[in-house]
file my_file-v6.txt (compact mmCIF, C-alpha atoms and all ligand atoms)
# COMPACT_ATOMS: atom_id res chain seq x y z
CA MET A 7 0.00 0.00 0.00
CA LYS A 8 1.49 3.28 -1.12
CA LEU A 9 1.01 6.32 1.11
CA VAL A 10 2.12 9.92 0.74
CA VAL A 11 3.45 11.89 3.70
CA ALA A 12 2.98 15.54 2.81
CA GLY A 13 3.45 18.86 4.50
CA PRO A 14 5.31 22.16 4.37
CA PHE A 15 9.10 22.43 4.74
CA GLY A 16 10.37 21.71 8.22
CA VAL A 17 7.15 20.12 9.47
CA GLY A 18 8.87 16.78 10.09
CA LYS A 19 8.28 14.59 7.01
CA THR A 20 11.84 13.29 6.75
CA THR A 21 11.97 12.68 10.49
CA PHE A 22 8.62 10.88 10.43
CA ILE A 23 9.65 8.48 7.65
CA ARG A 24 13.08 7.86 9.21
CA THR A 25 11.44 7.06 12.55
CA LEU A 26 9.14 4.45 11.06
CA SER A 27 10.99 2.91 8.15
CA GLU A 28 12.38 -0.61 8.54
CA ILE A 29 14.79 -0.02 5.66
CA PRO A 30 17.39 2.75 5.37
CA THR A 31 15.40 5.68 4.04
CA LEU A 32 16.08 7.16 0.67
CA HIS A 33 16.26 10.90 0.43
CA THR A 34 16.54 12.51 -2.95
CA GLU A 35 17.06 16.15 -3.76
CA GLU A 36 15.87 17.00 -7.23
CA ALA A 37 17.28 20.20 -8.62
CA MET A 38 14.75 22.23 -10.52
CA THR A 39 16.78 24.14 -13.08
CA GLU A 40 15.78 26.67 -15.69
CA THR A 41 14.86 23.74 -17.94
CA GLY A 42 11.80 23.39 -15.80
CA ALA A 43 10.93 27.08 -15.95
CA PRO A 44 8.35 26.83 -18.76
CA VAL A 45 6.57 24.06 -16.87
CA ASP A 46 6.89 25.18 -13.29
CA ASP A 47 5.22 28.35 -12.21
CA LEU A 48 8.07 30.50 -10.94
CA ALA A 49 5.94 33.54 -10.18
CA GLY A 50 7.37 35.25 -7.16
CA LEU A 51 10.62 33.35 -7.41
CA SER A 52 12.53 35.64 -9.75
CA GLY A 53 16.27 35.47 -9.16
CA LYS A 54 15.95 31.94 -7.85
CA ALA A 55 17.79 29.87 -10.44
CA THR A 56 17.35 26.55 -8.73
CA THR A 57 15.35 25.12 -5.93
CA THR A 58 15.24 21.67 -4.47
CA VAL A 59 12.45 19.20 -4.15
CA ALA A 60 13.15 16.64 -1.48
CA VAL A 61 11.51 13.24 -1.75
CA ASP A 62 11.79 10.66 1.02
CA PHE A 63 11.04 6.98 0.75
CA GLY A 64 10.61 4.34 3.45
CA ARG A 65 8.87 1.04 4.08
CA LEU A 66 6.98 -0.35 7.05
CA THR A 67 5.33 -3.77 7.48
CA LEU A 68 2.29 -3.82 9.74
CA PRO A 69 0.95 -6.93 11.47
CA GLY A 70 -1.32 -8.76 9.03
CA GLU A 71 1.27 -8.31 6.29
CA VAL A 72 0.15 -4.88 5.18
CA VAL A 73 3.27 -3.31 3.71
CA LEU A 74 3.27 0.46 3.68
CA TYR A 75 5.45 2.37 1.23
CA MET A 76 5.85 5.93 2.43
CA PHE A 77 6.68 8.73 0.01
CA GLY A 78 7.48 12.07 1.63
CA THR A 79 6.92 15.17 -0.44
CA PRO A 80 6.61 18.89 0.29
CA GLY A 81 3.79 19.27 -2.22
CA GLN A 82 3.73 22.97 -2.88
CA ARG A 83 1.36 24.04 -5.60
CA ARG A 84 4.22 25.02 -7.91
CA PHE A 85 5.39 21.41 -7.96
CA PHE A 86 1.91 20.07 -8.65
CA PRO A 87 2.88 17.99 -11.74
CA LEU A 88 5.73 16.38 -9.80
CA TRP A 89 3.45 15.94 -6.83
CA GLN A 90 0.89 14.15 -9.01
CA ASP A 91 3.61 11.82 -10.27
CA ILE A 92 4.66 10.96 -6.73
CA ALA A 93 1.08 10.55 -5.55
CA ARG A 94 0.06 8.34 -8.50
CA GLY A 95 -1.09 4.96 -7.20
CA ALA A 96 -1.16 6.14 -3.59
CA LEU A 97 -4.12 4.99 -1.52
CA GLY A 98 -3.95 7.80 0.98
CA ALA A 99 -2.02 10.74 2.37
CA LEU A 100 -0.87 11.78 5.80
CA VAL A 101 -0.78 15.56 5.94
CA LEU A 102 1.59 16.87 8.60
CA ALA A 103 0.83 20.20 10.23
CA ASP A 104 2.40 22.50 12.82
CA THR A 105 0.10 24.59 15.02
CA ARG A 106 2.39 27.63 14.55
CA ARG A 107 1.47 27.67 10.87
CA LEU A 108 -1.58 25.53 10.21
CA ALA A 109 -2.40 27.52 7.08
CA ASP A 110 0.80 26.24 5.46
CA SER A 111 -0.89 22.84 5.24
CA PHE A 112 -4.03 24.12 3.46
CA GLU A 113 -2.44 24.11 0.02
CA ILE A 114 -1.43 20.49 0.49
CA MET A 115 -4.84 19.46 1.78
CA ASP A 116 -6.38 21.04 -1.33
CA MET A 117 -4.02 19.12 -3.60
CA VAL A 118 -4.73 15.85 -1.80
CA GLU A 119 -8.47 16.47 -2.17
CA GLU A 120 -8.08 17.33 -5.87
CA GLN A 121 -6.20 14.09 -6.30
CA GLY A 122 -9.16 12.30 -4.69
CA LEU A 123 -6.99 10.75 -1.97
CA PRO A 124 -8.37 9.93 1.46
CA TYR A 125 -6.20 11.56 4.11
CA ALA A 126 -5.57 12.04 7.79
CA VAL A 127 -3.98 15.06 9.45
CA ALA A 128 -1.17 14.58 11.95
CA VAL A 129 -0.23 17.60 14.03
CA ASN A 130 3.49 17.25 14.75
CA ARG A 131 4.26 18.63 18.19
CA PHE A 132 7.12 21.07 18.56
CA PRO A 133 7.93 22.58 21.97
CA GLU A 134 7.26 26.13 20.75
CA SER A 135 3.96 25.20 19.07
CA PRO A 136 0.78 26.20 20.85
CA ALA A 137 -1.41 23.30 22.01
CA HIS A 138 -5.06 23.47 21.00
CA PRO A 139 -7.89 21.07 21.81
CA PRO A 140 -8.71 18.72 18.90
CA GLU A 141 -12.08 20.38 18.23
CA VAL A 142 -10.37 23.76 17.80
CA LEU A 143 -7.82 22.24 15.43
CA ARG A 144 -10.55 20.50 13.44
CA ALA A 145 -12.45 23.77 13.08
CA HIS A 146 -9.28 25.65 12.03
CA LEU A 147 -8.42 23.02 9.45
CA ASP A 148 -12.07 22.75 8.37
CA LEU A 149 -11.86 18.96 8.54
CA HIS A 150 -14.63 16.64 7.44
CA PRO A 151 -15.95 14.77 10.52
CA ALA A 152 -14.67 11.46 9.07
CA THR A 153 -11.13 12.75 8.51
CA PRO A 154 -8.85 11.47 11.29
CA LEU A 155 -6.89 14.07 13.27
CA VAL A 156 -4.00 12.84 15.41
CA LEU A 157 -1.20 14.41 17.41
CA CYS A 158 2.28 13.00 17.05
CA ASP A 159 5.95 13.56 17.68
CA ALA A 160 7.71 12.57 14.47
CA ARG A 161 10.87 11.67 16.41
CA GLU A 162 9.00 9.15 18.49
CA ARG A 163 7.97 5.78 17.09
CA GLY A 164 4.78 5.08 19.05
CA SER A 165 2.86 8.22 18.22
CA SER A 166 4.10 8.22 14.62
CA LEU A 167 2.91 4.66 14.21
CA ASP A 168 -0.48 5.62 15.67
CA ALA A 169 -0.76 8.39 13.08
CA LEU A 170 -0.01 6.02 10.24
CA ILE A 171 -2.42 3.39 11.57
CA ALA A 172 -5.18 6.02 11.83
CA LEU A 173 -4.61 6.81 8.15
CA THR A 174 -4.40 3.15 7.14
CA GLU A 175 -7.66 2.32 8.91
CA HIS A 176 -9.33 5.33 7.30
CA VAL A 177 -8.12 4.21 3.86
CA LEU A 178 -9.11 0.56 4.34
CA HIS A 179 -12.50 1.58 5.70
CA GLY A 180 -13.21 3.51 2.49
CA LEU A 181 -12.21 0.69 0.15
CA PRO A 182 -14.96 -1.48 -1.34
CA PRO A 183 -15.13 -4.89 0.33
CA SER A 184 -12.97 -7.39 -1.54
CA ALA A 185 -14.82 -9.54 -4.04
CA PRO A 186 -15.68 -13.06 -2.90
CA GLU A 187 -13.42 -15.86 -4.19
CA GLN A 188 -14.45 -17.22 -7.57
CA SER A 189 -14.81 -20.97 -7.68
N1 LIG B 201 10.42 19.00 18.63
C1 LIG B 201 10.27 18.32 17.51
N2 LIG B 201 11.13 18.49 16.51
C2 LIG B 201 10.94 17.81 15.36
C3 LIG B 201 9.85 16.93 15.22
N3 LIG B 201 9.87 16.42 13.96
C4 LIG B 201 10.94 16.96 13.35
N4 LIG B 201 11.61 17.80 14.18
C5 LIG B 201 12.81 18.58 13.84
O1 LIG B 201 12.39 19.58 12.93
C6 LIG B 201 13.34 19.74 11.88
C7 LIG B 201 12.72 19.55 10.52
O2 LIG B 201 12.31 18.22 10.38
P1 LIG B 201 12.34 17.46 8.96
O3 LIG B 201 11.92 16.07 9.23
O4 LIG B 201 13.63 17.67 8.26
O5 LIG B 201 11.20 18.26 8.17
P2 LIG B 201 10.76 18.14 6.64
O6 LIG B 201 11.27 19.35 5.94
O7 LIG B 201 9.26 18.15 6.68
O8 LIG B 201 11.30 16.86 6.07
C8 LIG B 201 14.46 18.76 12.18
O9 LIG B 201 15.50 19.45 12.83
C9 LIG B 201 13.82 17.75 13.11
O10 LIG B 201 14.75 17.18 14.00
C10 LIG B 201 8.95 16.76 16.34
O11 LIG B 201 7.98 16.01 16.29
N5 LIG B 201 9.21 17.47 17.44
MG MG B 202 12.56 16.64 4.47

call {"tool": "encode", "arguments": {"input": "my_file-v6.txt", "output": "structure tokens"}}
result
Amino acid sequence: MKLVVAGPFGVGKTTFIRTLSEIPTLHTEEAMTETGAPVDDLAGLSGKATTTVAVDFGRLTLPGEVVLYMFGTPGQRRFFPLWQDIARGALGALVLADTRRLADSFEIMDMVEEQGLPYAVAVNRFPESPAHPPEVLRAHLDLHPATPLVLCDARERGSSLDALIALTEHVLHGLPPSAPEQS
């Protein structure tokens, strides 16, 4: 099962995937050069010759032999074509958010919704980030009642695993029941 871990820069995607992966994580930096300029919308980025798109990859086997392939991506709007490539075939997305800048996750939530992916939101706790009750966070993020919202610390395995399991259950719940065996 392929999952996308998305969120703004510095929200903890790389940390999250490193914490959970049972294989050494891959981390790629893709340089976006001027070759990409006609494709990528560089409005507001004049003078910026290159930028980097970091993609993380990790794998985690859950009990019951569900194997999760995690793809971490920043997913800004200007990388939407690349984002769509990475998200292709994914069954769901975990959107990471930081309470200091919740709005930074809106763009990503929109892209996930446009892609038609079920998702869960994991608020990654930083010491400087204000704590809000879940109902306040849900209202701020304008979450659908069925969308899971979890708190986690991406450096810590237990809470990160809980976040991923919440997403996995949400995804599996939405899948059509498997067809009965043909005889
Ligand atoms: N306090 C705290 N720091 C974190 C947490 N997750 C990540 N960090 C730190 O925040 C920084 C950015 O994390 P990183 O995983 O690189 O973010 P990314 O840009 O989304 O991949 C790193 O220095 C991490 O060590 C967390 O849950 N709590
Ligand atoms: Mg990263």

call {"tool": "residues_around", "arguments": {"input": "my_file-v6.txt", "residues": "Phe112 (chain A)", "least_positions_apart": "5", "cutoff": "12 Å", "atoms": "all atoms listed in the file", "output": "PyMOL selection string"}}
result
chain A and resi 12-14+81-83+101-104+107+117-119+127+146-149

call {"tool": "residues_near_ligand", "arguments": {"input": "my_file-v6.txt", "ligand": "ligand MG 202 (chain B)", "cutoff": "7 Å", "atoms": "all atoms listed in the file", "output": "list in words"}}
result
Phe15, Gly16, Gly18, Lys19, Thr20, Ala60 and Asp62 of chain A

call {"tool": "residues_around", "arguments": {"input": "my_file-v6.txt", "residues": "region 130-140 of chain A", "least_positions_apart": "4", "cutoff": "7 Å", "atoms": "only C-alpha atoms", "output": "list of chain:residue names"}}
result
A:Leu102, A:Ala103, A:Asp104, A:Thr105, A:Arg106, A:Arg144, A:Leu157, A:Cys158, A:Asp159, A:Ala160

call {"tool": "write_last_selection", "arguments": {"input": "my_file-v6.txt", "atoms": "C-alpha atoms", "output": "mmCIF file, in the coordinates of the input"}}
result
data_model
loop_
_atom_site.group_PDB
_atom_site.id
_atom_site.type_symbol
_atom_site.label_atom_id
_atom_site.label_comp_id
_atom_site.auth_asym_id
_atom_site.auth_seq_id
_atom_site.Cartn_x
_atom_site.Cartn_y
_atom_site.Cartn_z
ATOM 1 C CA LEU A 102 1.590 16.870 8.600
ATOM 2 C CA ALA A 103 0.830 20.200 10.230
ATOM 3 C CA ASP A 104 2.400 22.500 12.820
ATOM 4 C CA THR A 105 0.100 24.590 15.020
ATOM 5 C CA ARG A 106 2.390 27.630 14.550
ATOM 6 C CA ARG A 144 -10.550 20.500 13.440
ATOM 7 C CA LEU A 157 -1.200 14.410 17.410
ATOM 8 C CA CYS A 158 2.280 13.000 17.050
ATOM 9 C CA ASP A 159 5.950 13.560 17.680
ATOM 10 C CA ALA A 160 7.710 12.570 14.470
#

call {"tool": "closest_residue", "arguments": {"input": "my_file-v6.txt", "among": "A:His179, A:Arg24, A:His150, A:Lys8", "to": "Ser166 (chain A)", "atoms": "only C-alpha atoms"}}
result
A:Arg24

call {"tool": "atom_distance", "arguments": {"input": "my_file-v6.txt", "atom1": "CA of Ala145 (chain A)", "atom2": "CA of Leu108 (chain A)"}}
result
11.4 Å

call {"tool": "axis_aligned_box", "arguments": {"input": "my_file-v6.txt", "around": "ligand LIG 201 (chain B)", "padding_each_side": "4 Å", "output": "JSON"}}
result
{"center_x": 11.7, "center_y": 17.9, "center_z": 12.3, "size_x": 15.5, "size_y": 11.7, "size_z": 20.7}

call {"tool": "atom_distance", "arguments": {"input": "my_file-v6.txt", "atom1": "CA of Pro87 (chain A)", "atom2": "CA of Ala128 (chain A)"}}
result
24.3 Å

call {"tool": "closest_residue", "arguments": {"input": "my_file-v6.txt", "among": "A:Ala96, A:Ala172, A:Val129, A:Val156", "to": "ligand LIG 201 (chain B)", "atoms": "all atoms listed in the file"}}
result
A:Val129

call {"tool": "atom_distance", "arguments": {"input": "my_file-v6.txt", "atom1": "CA of Arg84 (chain A)", "atom2": "CA of His176 (chain A)"}}
result
28.3 Å

call {"tool": "closest_residue", "arguments": {"input": "my_file-v6.txt", "among": "A:Arg65, A:Arg161, A:Glu113, A:His33", "to": "ligand LIG 201 (chain B)", "atoms": "only C-alpha atoms and all ligand atoms"}}
result
A:Arg161

call {"tool": "build_atoms", "arguments": {"input": "my_file-v6.txt", "residues": "region 128-139 of chain A", "atoms": "N, CA and C atoms", "output": "mmCIF file, in the coordinates of the input"}}
result
data_model
loop_
_atom_site.group_PDB
_atom_site.id
_atom_site.type_symbol
_atom_site.label_atom_id
_atom_site.label_comp_id
_atom_site.auth_asym_id
_atom_site.auth_seq_id
_atom_site.Cartn_x
_atom_site.Cartn_y
_atom_site.Cartn_z
ATOM 1 N N ALA A 128 -1.942 14.795 10.736
ATOM 2 C CA ALA A 128 -1.170 14.580 11.950
ATOM 3 C C ALA A 128 -0.515 15.890 12.343
ATOM 4 N N VAL A 129 -0.861 16.387 13.517
ATOM 5 C CA VAL A 129 -0.230 17.600 14.030
ATOM 6 C C VAL A 129 1.048 17.174 14.743
ATOM 7 N N ASN A 130 2.180 17.609 14.188
ATOM 8 C CA ASN A 130 3.490 17.250 14.750
ATOM 9 C C ASN A 130 3.820 18.262 15.847
ATOM 10 N N ARG A 131 4.063 17.739 17.048
ATOM 11 C CA ARG A 131 4.260 18.630 18.190
ATOM 12 C C ARG A 131 5.694 19.144 18.307
ATOM 13 N N PHE A 132 5.840 20.426 18.281
ATOM 14 C CA PHE A 132 7.120 21.070 18.560
ATOM 15 C C PHE A 132 6.965 21.806 19.890
ATOM 16 N N PRO A 133 8.056 21.948 20.659
ATOM 17 C CA PRO A 133 7.930 22.580 21.970
ATOM 18 C C PRO A 133 7.369 24.004 21.908
ATOM 19 N N GLU A 134 7.698 24.730 20.834
ATOM 20 C CA GLU A 134 7.260 26.130 20.750
ATOM 21 C C GLU A 134 5.836 26.249 20.185
ATOM 22 N N SER A 135 5.265 25.124 19.725
ATOM 23 C CA SER A 135 3.960 25.200 19.070
ATOM 24 C C SER A 135 2.835 25.224 20.092
ATOM 25 N N PRO A 136 1.889 26.154 19.907
ATOM 26 C CA PRO A 136 0.780 26.200 20.850
ATOM 27 C C PRO A 136 -0.063 24.919 20.791
ATOM 28 N N ALA A 137 -0.547 24.484 21.946
ATOM 29 C CA ALA A 137 -1.410 23.300 22.010
ATOM 30 C C ALA A 137 -2.863 23.775 21.955
ATOM 31 N N HIS A 138 -3.637 23.163 21.103
ATOM 32 C CA HIS A 138 -5.060 23.470 21.000
ATOM 33 C C HIS A 138 -5.843 22.185 21.162
ATOM 34 N N PRO A 139 -7.054 22.272 21.741
ATOM 35 C CA PRO A 139 -7.890 21.070 21.810
ATOM 36 C C PRO A 139 -8.233 20.590 20.397
#
